[in-house]
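Text of the file entry.cif, holding mmCIF, C-alpha atoms and all ligand atoms:
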data_input
#
loop_
_atom_site.label_atom_id
_atom_site.label_comp_id
_atom_site.auth_asym_id
_atom_site.auth_seq_id
_atom_site.Cartn_x
_atom_site.Cartn_y
_atom_site.Cartn_z
CA MET L 1 179.93 169.54 127.30
CA GLY L 2 176.97 167.17 127.92
CA ARG L 3 175.56 169.57 130.50
CA PHE L 4 175.46 172.41 127.94
CA HIS L 5 173.69 170.28 125.32
CA SER L 6 171.16 169.39 127.95
CA TYR L 7 170.60 173.07 128.90
CA LEU L 8 170.03 173.86 125.24
CA LYS L 9 167.55 171.00 124.90
CA SER L 10 165.61 172.22 127.96
CA ALA L 11 165.52 175.80 126.66
CA VAL L 12 164.19 174.64 123.27
CA LYS L 13 161.52 172.58 125.04
CA ILE L 14 160.42 175.60 127.10
CA ILE L 15 160.39 177.91 124.06
CA SER L 16 158.24 175.41 122.13
CA ARG L 17 155.71 175.31 124.96
CA TYR L 18 155.58 179.01 125.81
CA LYS L 19 152.91 180.87 123.82
CA GLY L 20 153.29 184.37 125.25
CA ASN L 21 150.06 184.30 127.28
CA GLU L 22 151.78 185.23 130.54
CA PRO L 23 155.12 186.87 131.40
CA LEU L 24 158.05 184.58 130.55
CA ALA L 25 159.34 185.01 134.11
CA SER L 26 156.13 183.48 135.59
CA PHE L 27 156.08 180.72 132.99
CA LEU L 28 159.67 179.78 133.86
CA LYS L 29 158.90 179.88 137.56
CA SER L 30 156.01 177.40 137.17
CA TYR L 31 158.04 175.26 134.78
CA PHE L 32 160.95 174.94 137.21
CA SER L 33 158.70 174.33 140.20
CA GLY L 34 157.16 171.40 138.28
CA ASN L 35 160.63 170.09 137.32
CA LYS L 36 162.56 169.81 140.55
CA LYS L 37 165.62 168.21 138.93
CA PHE L 38 166.95 171.66 137.97
CA GLY L 39 169.31 173.25 140.52
CA SER L 40 169.87 177.00 140.78
CA ASN L 41 172.78 176.98 138.29
CA ASP L 42 170.73 175.00 135.78
CA ARG L 43 167.80 177.39 136.17
CA ARG L 44 170.07 180.40 135.63
CA GLU L 45 171.64 178.93 132.47
CA ILE L 46 168.33 177.81 130.95
CA THR L 47 166.64 181.12 131.79
CA ASN L 48 169.46 183.01 130.10
CA LEU L 49 169.13 180.83 126.98
CA CYS L 50 165.37 181.45 126.77
CA TYR L 51 165.78 185.22 127.14
CA SER L 52 168.57 185.22 124.55
CA TYR L 53 166.16 183.65 122.07
CA TYR L 54 163.39 186.24 122.60
CA ARG L 55 165.90 189.14 122.45
CA LEU L 56 166.21 188.49 118.69
CA GLY L 57 162.50 189.12 118.11
CA LYS L 58 161.43 187.36 114.91
CA ALA L 59 164.59 188.34 113.04
CA PHE L 60 165.95 184.86 112.40
CA THR L 61 162.96 182.52 112.33
CA GLU L 62 164.36 180.74 109.27
CA LEU L 63 167.01 179.24 111.59
CA SER L 64 166.34 176.25 113.88
CA LEU L 65 165.35 176.99 117.49
CA GLU L 66 168.76 175.72 118.66
CA GLN L 67 170.53 178.05 116.23
CA GLN L 68 168.40 181.02 117.29
CA VAL L 69 169.06 180.41 120.98
CA LEU L 70 172.80 180.14 120.38
CA LEU L 71 172.82 183.14 118.05
CA GLY L 72 171.00 185.21 120.69
CA LEU L 73 173.62 184.12 123.21
CA LYS L 74 176.46 184.93 120.80
CA ILE L 75 175.37 188.45 119.91
CA SER L 76 173.99 189.49 123.29
CA ALA L 77 176.13 191.96 125.19
CA ARG L 78 177.40 189.43 127.77
CA ASP L 79 180.28 187.14 126.89
CA PRO L 80 178.67 183.67 126.77
CA GLY L 81 181.86 181.89 127.89
CA PRO L 82 184.04 179.27 126.15
CA GLN L 83 181.72 176.26 126.54
CA TRP L 84 178.90 178.01 124.73
CA LYS L 85 181.22 179.43 122.08
CA ALA L 86 182.39 175.88 121.38
CA LEU L 87 178.80 174.84 120.53
CA LEU L 88 178.35 177.53 117.86
CA PRO L 89 180.10 175.71 114.97
CA GLU L 90 178.62 172.37 116.03
CA TYR L 91 175.09 173.76 115.53
CA GLY L 92 176.09 175.70 112.39
CA VAL L 93 175.27 179.13 113.88
CA PRO L 94 175.84 181.68 111.08
CA GLU L 95 178.80 184.06 111.43
CA GLU L 96 177.59 187.39 110.02
CA LEU L 97 173.97 188.41 109.97
CA GLN L 98 172.01 191.55 109.25
CA LEU L 99 170.11 192.56 112.41
CA GLU L 100 166.40 193.44 112.02
CA ILE L 101 165.22 192.85 115.56
CA PHE L 102 162.78 195.77 115.72
CA PRO L 103 160.94 196.05 112.37
CA TRP L 104 158.64 199.02 113.24
CA LYS L 105 161.23 201.80 113.07
CA GLU L 106 159.04 204.17 111.04
CA LYS L 107 156.58 204.22 113.96
CA LEU L 108 159.13 205.41 116.53
CA SER L 109 158.79 208.70 118.43
CA ALA L 110 160.98 211.57 117.28
CA GLY L 111 164.53 211.61 118.63
CA ILE L 112 164.97 207.85 119.06
CA ASN L 113 168.20 206.55 117.56
CA ALA L 114 166.77 203.46 115.84
CA ALA L 115 170.12 201.65 115.58
CA ILE L 116 171.03 202.09 119.27
CA PHE L 117 167.45 201.28 120.26
CA GLU L 118 167.57 198.04 118.27
CA ARG L 119 170.85 196.97 119.90
CA SER L 120 169.38 197.65 123.35
CA PHE L 121 167.28 194.48 123.07
CA LEU L 122 170.50 192.49 123.36
CA ILE L 123 171.31 193.99 126.76
CA GLN L 124 169.55 193.24 130.00
CA PRO L 125 168.72 196.55 131.73
CA ASP L 126 169.93 197.25 135.27
CA LEU L 127 167.88 197.30 138.44
CA PHE L 128 167.02 200.77 139.72
CA LEU L 129 165.95 201.89 143.15
CA ARG L 130 164.81 205.34 144.19
CA ILE L 131 165.91 206.42 147.65
CA ARG L 132 162.92 207.87 149.50
CA PRO L 133 163.42 211.27 151.14
CA GLY L 134 165.35 211.17 154.42
CA ASN L 135 166.75 207.66 153.93
CA GLU L 136 169.90 208.27 151.90
CA ALA L 137 172.58 207.87 154.59
CA GLN L 138 171.15 204.63 156.01
CA VAL L 139 170.50 203.12 152.57
CA LEU L 140 174.07 203.78 151.40
CA LYS L 141 175.47 202.40 154.64
CA LYS L 142 173.43 199.20 154.37
CA LEU L 143 174.53 198.64 150.75
CA ASN L 144 178.17 199.31 151.61
CA ASP L 145 178.04 197.04 154.68
CA ALA L 146 176.55 194.24 152.56
CA LEU L 147 179.24 194.83 149.87
CA ILE L 148 176.54 195.32 147.23
CA PRO L 149 177.95 197.18 144.21
CA PHE L 150 175.94 200.22 143.11
CA GLU L 151 176.18 203.55 141.31
CA LYS L 152 174.35 206.60 142.56
CA GLU L 153 172.75 209.09 140.18
CA GLY L 154 170.92 211.70 142.32
CA SER L 155 168.40 209.75 144.37
CA ALA L 156 168.56 206.87 141.87
CA LEU L 157 170.65 203.77 142.58
CA ARG L 158 171.78 201.52 139.76
CA LEU L 159 172.45 197.91 140.78
CA PRO L 160 173.25 194.71 138.90
CA ASN L 161 170.07 192.91 138.01
CA ALA L 162 170.74 189.81 140.07
CA VAL L 163 170.96 191.74 143.36
CA LYS L 164 168.24 190.86 145.86
CA ALA L 165 167.82 194.40 147.21
CA GLY L 166 164.99 193.33 149.52
CA SER L 167 167.36 191.23 151.64
CA VAL L 168 169.21 194.36 152.75
CA LEU L 169 166.79 197.28 152.31
CA SER L 170 163.15 197.86 153.24
CA ILE L 171 161.44 198.07 149.87
CA ASN L 172 158.78 200.80 149.73
CA THR L 173 159.86 202.20 153.11
CA GLU L 174 163.49 203.17 152.47
CA VAL L 175 163.60 202.68 148.71
CA VAL L 176 161.19 202.05 145.87
CA VAL L 177 161.97 199.80 142.93
CA GLN L 178 161.53 202.28 140.08
CA ASP L 179 163.27 202.59 136.75
CA LEU L 180 165.67 205.49 136.19
CA SER L 181 163.49 207.05 133.47
CA SER L 182 160.34 206.74 135.55
CA GLN L 183 162.06 208.60 138.39
CA GLN L 184 162.65 211.55 136.05
CA LEU L 185 158.93 212.24 135.81
CA GLY L 186 159.41 213.71 139.30
CA ARG L 187 160.76 216.87 137.61
CA MET L 188 157.53 217.41 135.70
CA LEU L 189 155.59 216.91 138.92
CA GLN L 190 157.73 219.53 140.64
CA HIS L 191 157.25 221.97 137.77
CA CYS L 192 153.50 221.62 138.11
CA HIS L 193 153.65 222.07 141.91
CA ALA L 194 155.80 225.21 141.60
CA ALA L 195 153.40 226.70 139.04
CA ILE L 196 150.30 226.01 141.12
CA SER L 197 151.76 227.01 144.48
CA SER L 198 152.97 230.32 143.01
CA ARG L 199 149.28 231.25 142.70
CA TRP L 200 148.59 230.68 146.40
CA SER L 201 148.50 233.87 148.46
CA PRO L 202 151.40 234.30 150.94
CA GLY L 203 150.91 232.22 154.06
CA GLN L 204 148.01 230.30 152.51
CA GLN L 205 148.12 226.66 153.65
CA SER L 206 147.08 224.98 150.42
CA ILE L 207 147.51 221.38 149.44
CA LEU L 208 147.71 220.17 145.86
CA SER L 209 144.89 217.81 144.88
CA VAL L 210 146.08 214.91 142.69
CA TRP L 211 144.23 212.05 140.97
CA ASP L 212 146.28 209.12 139.63
CA CYS L 213 143.67 207.56 137.33
CA CYS L 214 145.73 204.50 136.20
CA ALA L 215 147.56 203.96 139.46
CA ALA L 216 148.40 200.22 139.29
CA SER L 217 150.28 199.47 142.53
CA GLY L 218 151.09 203.17 142.97
CA GLY L 219 154.64 203.66 141.63
CA LYS L 220 153.93 207.15 140.26
CA SER L 221 151.73 208.06 143.24
CA ILE L 222 154.54 207.31 145.69
CA LEU L 223 156.82 209.39 143.47
CA ALA L 224 154.28 212.24 143.64
CA VAL L 225 154.12 212.05 147.45
CA ASP L 226 157.93 212.05 147.67
CA ALA L 227 158.37 214.86 145.13
CA LEU L 228 155.53 217.10 146.26
CA GLY L 229 155.21 216.53 150.01
CA ALA L 230 151.71 216.64 151.51
CA ILE L 231 149.10 216.21 148.78
CA ASP L 232 145.41 215.37 148.72
CA LEU L 233 145.79 212.08 146.84
CA THR L 234 143.11 210.05 145.03
CA VAL L 235 144.07 206.84 143.22
CA SER L 236 142.12 204.46 141.04
CA ASP L 237 142.64 201.62 138.59
CA ILE L 238 140.35 199.27 136.69
CA ARG L 239 141.80 196.16 138.42
CA PRO L 240 140.63 195.38 141.98
CA SER L 241 143.68 193.14 142.62
CA ILE L 242 146.14 195.91 141.83
CA ILE L 243 144.33 198.38 144.10
CA ALA L 244 144.68 195.77 146.88
CA ASN L 245 148.45 195.66 146.13
CA LEU L 246 148.57 199.44 146.18
CA LYS L 247 147.02 199.55 149.65
CA GLU L 248 149.66 197.16 150.99
CA ARG L 249 152.42 199.13 149.33
CA PHE L 250 151.12 202.46 150.64
CA GLN L 251 151.08 200.99 154.13
CA GLU L 252 154.76 200.03 153.79
CA ALA L 253 155.44 203.48 152.35
CA GLY L 254 153.74 205.16 155.32
CA ILE L 255 151.13 206.84 153.09
CA LYS L 256 147.91 207.04 155.08
CA ASN L 257 145.85 209.94 153.80
CA TYR L 258 144.48 208.99 150.43
CA LYS L 259 141.33 207.76 148.71
CA ALA L 260 141.54 204.59 146.62
CA PHE L 261 138.88 202.90 144.54
CA VAL L 262 138.37 200.70 141.51
CA ALA L 263 137.22 202.63 138.45
CA ASP L 264 137.25 202.36 134.70
CA ALA L 265 138.79 205.64 133.59
CA THR L 266 136.95 205.46 130.28
CA LYS L 267 133.68 205.87 132.18
CA GLY L 268 132.15 208.32 134.64
CA SER L 269 132.57 207.35 138.28
CA GLU L 270 130.34 207.91 141.31
CA GLN L 271 133.37 208.65 143.52
CA LEU L 272 134.47 211.45 141.23
CA LYS L 273 131.18 213.19 140.56
CA LYS L 274 131.70 216.93 140.78
CA ARG L 275 135.36 216.52 141.82
CA SER L 276 138.18 218.27 140.06
CA PHE L 277 141.93 218.25 140.70
CA ASP L 278 144.97 220.50 140.44
CA LEU L 279 146.77 217.60 138.78
CA VAL L 280 145.54 214.45 137.05
CA MET L 281 148.18 211.81 136.34
CA ALA L 282 147.39 209.53 133.39
CA ASP L 283 150.08 206.85 133.22
CA VAL L 284 148.04 205.05 130.62
CA PRO L 285 147.96 201.41 129.51
CA CYS L 286 150.27 201.16 126.49
CA SER L 287 152.33 198.79 124.35
CA GLY L 288 155.11 198.87 126.98
CA SER L 289 157.58 198.95 124.08
CA GLY L 290 160.01 201.13 126.06
CA THR L 291 160.46 198.25 128.53
CA TRP L 292 160.85 195.30 126.16
CA SER L 293 164.54 194.83 126.93
CA ARG L 294 163.34 193.59 130.32
CA THR L 295 160.56 191.48 128.78
CA PRO L 296 161.82 190.55 125.28
CA GLU L 297 159.06 187.96 124.91
CA GLN L 298 156.74 190.95 124.36
CA LEU L 299 158.89 192.09 121.45
CA PHE L 300 158.64 188.59 119.99
CA TYR L 301 154.85 188.30 120.33
CA PHE L 302 154.00 191.91 119.44
CA ASP L 303 151.37 192.49 116.77
CA PRO L 304 151.57 196.11 115.47
CA GLU L 305 147.74 196.15 115.24
CA GLN L 306 147.86 196.48 119.03
CA ILE L 307 149.16 200.04 118.69
CA HIS L 308 145.77 201.08 117.35
CA THR L 309 143.95 199.24 120.14
CA TYR L 310 146.07 201.03 122.74
CA THR L 311 145.73 204.47 121.16
CA GLU L 312 141.94 204.11 121.08
CA LEU L 313 141.88 203.07 124.75
CA GLN L 314 144.19 205.98 125.63
CA LYS L 315 141.93 208.45 123.79
CA SER L 316 138.90 207.06 125.49
CA ILE L 317 140.58 207.50 128.92
CA LEU L 318 141.72 211.03 128.04
CA ARG L 319 138.27 212.08 126.76
CA ASN L 320 136.75 210.97 130.03
CA ILE L 321 139.29 212.39 132.49
CA VAL L 322 139.91 215.87 131.07
CA HIS L 323 136.80 217.20 132.81
CA ALA L 324 138.41 216.32 136.17
CA VAL L 325 141.30 218.75 135.62
CA GLN L 326 140.50 222.09 137.25
CA PRO L 327 140.67 225.12 134.97
CA GLY L 328 144.29 226.28 135.29
CA GLY L 329 145.23 222.77 136.51
CA TYR L 330 147.52 220.18 134.89
CA LEU L 331 147.43 216.81 133.22
CA LEU L 332 150.55 214.64 133.28
CA TYR L 333 150.29 212.14 130.43
CA SER L 334 152.86 209.33 130.42
CA THR L 335 153.58 206.04 128.66
CA CYS L 336 156.38 203.52 128.59
CA SER L 337 156.05 203.36 124.81
CA VAL L 338 158.45 204.25 122.01
CA PHE L 339 155.65 204.66 119.45
CA LYS L 340 154.75 208.15 118.21
CA ALA L 341 151.07 207.19 118.00
CA GLU L 342 150.99 206.59 121.77
CA ASN L 343 153.15 209.62 122.57
CA GLU L 344 153.32 212.81 120.48
CA ASP L 345 150.07 212.02 118.62
CA GLN L 346 148.14 211.78 121.90
CA VAL L 347 149.58 215.14 122.97
CA ARG L 348 148.27 216.59 119.66
CA PHE L 349 144.89 215.03 120.53
CA LEU L 350 144.87 216.81 123.91
CA GLU L 351 145.97 220.08 122.33
CA ALA L 352 143.10 219.79 119.85
CA SER L 353 140.72 219.61 122.81
CA GLY L 354 142.10 222.92 124.14
CA PHE L 355 144.93 221.83 126.48
CA LYS L 356 148.18 223.79 126.34
CA LEU L 357 151.43 221.84 126.17
CA ILE L 358 153.86 222.99 128.86
CA GLN L 359 156.59 220.41 128.23
CA GLN L 360 157.02 216.99 126.70
CA GLN L 361 159.98 214.66 126.90
CA LEU L 362 161.01 211.34 125.54
CA ILE L 363 163.10 210.02 128.42
CA THR L 364 165.54 207.69 126.71
CA GLY L 365 166.75 204.72 128.68
CA TYR L 366 167.74 202.43 125.79
CA ASP L 367 171.21 204.02 125.82
CA LYS L 368 171.54 203.73 129.63
CA LYS L 369 170.46 200.15 130.41
CA ALA L 370 167.10 201.53 131.52
CA ASP L 371 163.53 201.88 130.22
CA THR L 372 162.39 204.48 127.70
CA LEU L 373 159.42 206.60 128.70
CA PHE L 374 157.40 209.51 127.42
CA GLY L 375 155.95 212.27 129.56
CA ALA L 376 153.96 215.38 128.72
CA LEU L 377 152.69 218.05 131.05
CA LEU L 378 149.68 219.96 129.76
CA GLN L 379 147.62 222.73 131.29
CA LYS L 380 143.89 223.25 131.01
CA PRO L 381 143.41 226.93 130.27
CA ARG L 382 140.75 228.78 132.25
CA GLY L 383 137.58 229.30 130.30
CA ILE L 384 137.70 226.17 128.10
CA ASN L 385 134.85 223.76 128.34
CA VAL L 386 136.14 220.18 128.28
C1 LIG L 401 151.18 201.70 132.90
S1 LIG L 401 150.20 200.99 134.10
C2 LIG L 401 150.28 202.17 135.40
C3 LIG L 401 151.54 202.07 136.22
C4 LIG L 401 151.51 202.89 137.48
N1 LIG L 401 151.15 204.25 137.23
C5 LIG L 401 152.85 202.83 138.17
O1 LIG L 401 153.60 203.80 138.15
O2 LIG L 401 153.14 201.77 138.75
C6 LIG L 401 148.59 201.24 133.47
C7 LIG L 401 147.48 200.84 134.40
O3 LIG L 401 146.26 201.22 133.77
C8 LIG L 401 145.26 200.33 134.18
N2 LIG L 401 144.13 200.44 133.26
C9 LIG L 401 143.95 199.84 132.06
N3 LIG L 401 142.77 200.21 131.53
C10 LIG L 401 142.20 201.06 132.41
C11 LIG L 401 140.97 201.76 132.45
N4 LIG L 401 140.09 201.66 131.45
N5 LIG L 401 140.70 202.51 133.53
C12 LIG L 401 141.59 202.60 134.55
N6 LIG L 401 142.76 201.95 134.57
C13 LIG L 401 143.07 201.20 133.52
C14 LIG L 401 145.94 198.98 134.19
O4 LIG L 401 145.25 198.11 135.06
C15 LIG L 401 147.37 199.35 134.68
O5 LIG L 401 147.48 199.11 136.04
#

Would you mind writing the file out in structure tokens?
Amino acid sequence: MGRFHSYLKSAVKIISRYKGNEPLASFLKSYFSGNKKFGSNDRREITNLCYSYYRLGKAFTELSLEQQVLLGLKISARDPGPQWKALLPEYGVPEELQLEIFPWKEKLSAGINAAIFERSFLIQPDLFLRIRPGNEAQVLKKLNDALIPFEKEGSALRLPNAVKAGSVLSINTEVVVQDLSSQQLGRMLQHCHAAISSRWSPGQQSILSVWDCCAASGGKSILAVDALGAIDLTVSDIRPSIIANLKERFQEAGIKNYKAFVADATKGSEQLKKRSFDLVMADVPCSGSGTWSRTPEQLFYFDPEQIHTYTELQKSILRNIVHAVQPGGYLLYSTCSVFKAENEDQVRFLEASGFKLIQQQLITGYDKKADTLFGALLQKPRGINV
């Protein structure tokens, strides 16, 4: 039992020091590398305790830190095991409690089941890979040979979170680490491609021009290449470091023909002067609230004022990029947010500027151990001046 008390003490120490200024995963990594006495089992137990605490949000702050950690462990989806259960009465962990983990339910996008969404914070989502075109047989063989358990859903693979997929598969070459919901945006991309290519005259060798204006390390761009085939691809992001990551990733992915640069999408850019695209992808910076089951510390430290900050930034990006959509071309707007203000309301904003909504979808992952995302495909009618 002494070992378990000591894990609890370490978790409480970490929680008291962590202030939410960096991802919990990086904080834990630095903490453990500065405290070599912890072996891999210890690190796993303590990590689990810390995450269990943040999964409760601020619902039970009247309890002691020890009680909150143990309560998180008790009500999380995984059975904590007999040694932990034995500590519950010792620390006076309450039996029955009303859950109010996610207090901003009135701000949710339409169609979200608030009760199921709230419970999803207690479950760690799975790991998802997307098999890149032409690699399915070899990927499945490698996983089977290595006895790695997985479920296949189309080109998506669902694996337990602890699996080190990179030890068996070539990440970015054979598979991409990409959440199940994110992968589904491929359908909207295909819809847009079918609509545009139907306008090409028979035998015309046309290539879709695409700008990913918030590309990060290129997750959606690689999806676009895989879903659409040869495209004339331009990518940009405000962060130089992430564009450097993107270049490395594209190299591994075998993507050679593209233009990449650093640009603030709220401002005009030299590289884009006079350019327009068949498709502009705006996977905008957002609250990330659809992914908080993976990063529950963000749930804990979230200030709802931030929603306004994000929506203003999103509007400012949209105002600046709409001119780059060709008349008759498309804008794919996406977030990993569950808030209406970042989702449907921004679609209304685009419609008010003359764009026509083709389809919008809240891609729920909270009921599937995956992320929740929002995507909307809009078309710029010919003859409007934005
Ligand atoms: C949701 S992430 C994009 C994820 C990426 N599309 C993917 O699939 O991996 C949003 C990105 O927007 C970038 N960003 C934030 N503000 C920006 C701005 N003003 N202009 C351009 N990019 C911006 C961030 O650096 C971040 O990489």

- Selection: 8 Å around Trp104 in chain L, only C-alpha atoms, excl. self and same-chain fewer than 3 positions, as a VMD selection string: chain L and resid 107 to 108 304

- Would you work out the distance separating CA of Ile15 in chain L from CA of Val163 in chain L, expressed in Å to one decimal?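 These two atoms are separated by 26.0 Å.
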
With 10 Å as the cut-off and all atoms listed in the file counted, what is the closest atom pair between each nearby residue of chain L and ligand LIG 401 (chain L)? Distances in Å to one decimal, ordered by chain and number, as JSON lines.
{"residue": "L:Val177", "atom": "CA", "partner": "L:LIG401", "partner_atom": "O2", "distance": 10.0}
{"residue": "L:Gln178", "atom": "CA", "partner": "L:LIG401", "partner_atom": "O1", "distance": 8.3}
{"residue": "L:Asp179", "atom": "CA", "partner": "L:LIG401", "partner_atom": "O1", "distance": 9.8}
{"residue": "L:Ser182", "atom": "CA", "partner": "L:LIG401", "partner_atom": "O1", "distance": 7.8}
{"residue": "L:Gln183", "atom": "CA", "partner": "L:LIG401", "partner_atom": "O1", "distance": 9.7}
{"residue": "L:Asp212", "atom": "CA", "partner": "L:LIG401", "partner_atom": "N1", "distance": 7.3}
{"residue": "L:Cys213", "atom": "CA", "partner": "L:LIG401", "partner_atom": "C12", "distance": 6.1}
{"residue": "L:Cys214", "atom": "CA", "partner": "L:LIG401", "partner_atom": "O3", "distance": 4.1}
{"residue": "L:Ala215", "atom": "CA", "partner": "L:LIG401", "partner_atom": "N1", "distance": 4.2}
{"residue": "L:Ala216", "atom": "CA", "partner": "L:LIG401", "partner_atom": "O5", "distance": 3.6}
{"residue": "L:Ser217", "atom": "CA", "partner": "L:LIG401", "partner_atom": "O2", "distance": 5.3}
{"residue": "L:Gly218", "atom": "CA", "partner": "L:LIG401", "partner_atom": "O2", "distance": 4.9}
{"residue": "L:Gly219", "atom": "CA", "partner": "L:LIG401", "partner_atom": "O1", "distance": 3.6}
{"residue": "L:Lys220", "atom": "CA", "partner": "L:LIG401", "partner_atom": "O1", "distance": 4.0}
{"residue": "L:Ser221", "atom": "CA", "partner": "L:LIG401", "partner_atom": "O1", "distance": 6.9}
{"residue": "L:Ile222", "atom": "CA", "partner": "L:LIG401", "partner_atom": "O1", "distance": 8.4}
{"residue": "L:Leu223", "atom": "CA", "partner": "L:LIG401", "partner_atom": "O1", "distance": 8.4}
{"residue": "L:Val235", "atom": "CA", "partner": "L:LIG401", "partner_atom": "N1", "distance": 9.6}
{"residue": "L:Ser236", "atom": "CA", "partner": "L:LIG401", "partner_atom": "C12", "distance": 6.8}
{"residue": "L:Asp237", "atom": "CA", "partner": "L:LIG401", "partner_atom": "N6", "distance": 4.0}
{"residue": "L:Ile238", "atom": "CA", "partner": "L:LIG401", "partner_atom": "C12", "distance": 4.1}
{"residue": "L:Arg239", "atom": "CA", "partner": "L:LIG401", "partner_atom": "O4", "distance": 5.2}
{"residue": "L:Pro240", "atom": "CA", "partner": "L:LIG401", "partner_atom": "O4", "distance": 8.8}
{"residue": "L:Ser241", "atom": "CA", "partner": "L:LIG401", "partner_atom": "O4", "distance": 9.2}
{"residue": "L:Ile242", "atom": "CA", "partner": "L:LIG401", "partner_atom": "O5", "distance": 6.7}
{"residue": "L:Ile243", "atom": "CA", "partner": "L:LIG401", "partner_atom": "O5", "distance": 8.7}
{"residue": "L:Leu246", "atom": "CA", "partner": "L:LIG401", "partner_atom": "O2", "distance": 9.0}
{"residue": "L:Val262", "atom": "CA", "partner": "L:LIG401", "partner_atom": "C12", "distance": 7.9}
{"residue": "L:Ala263", "atom": "CA", "partner": "L:LIG401", "partner_atom": "C12", "distance": 5.9}
{"residue": "L:Asp264", "atom": "CA", "partner": "L:LIG401", "partner_atom": "N5", "distance": 3.6}
{"residue": "L:Ala265", "atom": "CA", "partner": "L:LIG401", "partner_atom": "N5", "distance": 3.7}
{"residue": "L:Thr266", "atom": "CA", "partner": "L:LIG401", "partner_atom": "N4", "distance": 5.1}
{"residue": "L:Lys267", "atom": "CA", "partner": "L:LIG401", "partner_atom": "N4", "distance": 7.7}
{"residue": "L:Met281", "atom": "CA", "partner": "L:LIG401", "partner_atom": "N1", "distance": 8.2}
{"residue": "L:Ala282", "atom": "CA", "partner": "L:LIG401", "partner_atom": "N1", "distance": 7.5}
{"residue": "L:Asp283", "atom": "CA", "partner": "L:LIG401", "partner_atom": "N1", "distance": 4.9}
{"residue": "L:Val284", "atom": "CA", "partner": "L:LIG401", "partner_atom": "C6", "distance": 4.8}
{"residue": "L:Pro285", "atom": "CA", "partner": "L:LIG401", "partner_atom": "C6", "distance": 4.0}
{"residue": "L:Cys286", "atom": "CA", "partner": "L:LIG401", "partner_atom": "C1", "distance": 6.5}
{"residue": "L:Ser287", "atom": "CA", "partner": "L:LIG401", "partner_atom": "C1", "distance": 9.1}
{"residue": "L:Gly288", "atom": "CA", "partner": "L:LIG401", "partner_atom": "C1", "distance": 7.6}
{"residue": "L:Tyr310", "atom": "CA", "partner": "L:LIG401", "partner_atom": "N3", "distance": 9.4}
{"residue": "L:Leu313", "atom": "CA", "partner": "L:LIG401", "partner_atom": "N4", "distance": 7.1}
{"residue": "L:Gln314", "atom": "CA", "partner": "L:LIG401", "partner_atom": "N4", "distance": 8.3}
{"residue": "L:Ser316", "atom": "CA", "partner": "L:LIG401", "partner_atom": "N4", "distance": 8.1}
{"residue": "L:Ile317", "atom": "CA", "partner": "L:LIG401", "partner_atom": "N4", "distance": 6.4}
{"residue": "L:Asn320", "atom": "CA", "partner": "L:LIG401", "partner_atom": "N5", "distance": 10.0}
{"residue": "L:Ser334", "atom": "CA", "partner": "L:LIG401", "partner_atom": "C1", "distance": 8.2}
{"residue": "L:Thr335", "atom": "CA", "partner": "L:LIG401", "partner_atom": "C1", "distance": 6.5}
{"residue": "L:Cys336", "atom": "CA", "partner": "L:LIG401", "partner_atom": "C1", "distance": 7.0}
{"residue": "L:Ser337", "atom": "CA", "partner": "L:LIG401", "partner_atom": "C1", "distance": 9.6}

- Item | Distance in Å - CA of Gly375 in chain L versus CA of Leu185 in chain L |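 Separating CA of Gly375 in chain L from CA of Leu185 in chain L is a distance of 6.9 Å.
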
- Take CA of Phe349 in chain L and CA of Phe261 in chain L and report the distance between them in Å, one decimal.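 These two atoms are separated by 27.6 Å.
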
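With only C-alpha atoms as the basis for measurement, L:Leu8 is the residue among L:Leu8, L:Ile116, L:Leu127, L:Ala244 that approaches Leu88 in chain L most closely.
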
Range 129-136 of chain L rebuilt with N, CA and C atoms, output as a CSV table (one decimal), in the coordinates of the input:
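part00.csv was written with the following content:
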chain,number,residue,atom,x,y,z
L,129,LEU,N,166.7,201.6,141.9
L,129,LEU,CA,166.0,201.9,143.2
L,129,LEU,C,165.9,203.4,143.3
L,130,ARG,N,164.9,203.9,143.9
L,130,ARG,CA,164.8,205.3,144.2
L,130,ARG,C,164.8,205.5,145.7
L,131,ILE,N,165.8,206.2,146.2
L,131,ILE,CA,165.9,206.4,147.6
L,131,ILE,C,164.8,207.4,148.1
L,132,ARG,N,164.0,207.0,149.0
L,132,ARG,CA,162.9,207.9,149.5
L,132,ARG,C,163.5,209.0,150.4
L,133,PRO,N,162.9,210.1,150.4
L,133,PRO,CA,163.4,211.3,151.1
L,133,PRO,C,163.8,210.9,152.6
L,134,GLY,N,164.9,211.4,153.0
L,134,GLY,CA,165.4,211.2,154.4
L,134,GLY,C,166.0,209.8,154.7
L,135,ASN,N,166.2,209.0,153.7
L,135,ASN,CA,166.8,207.7,153.9
L,135,ASN,C,168.1,207.4,153.3
L,136,GLU,N,168.7,208.5,152.7
L,136,GLU,CA,169.9,208.3,151.9
L,136,GLU,C,171.1,207.7,152.7
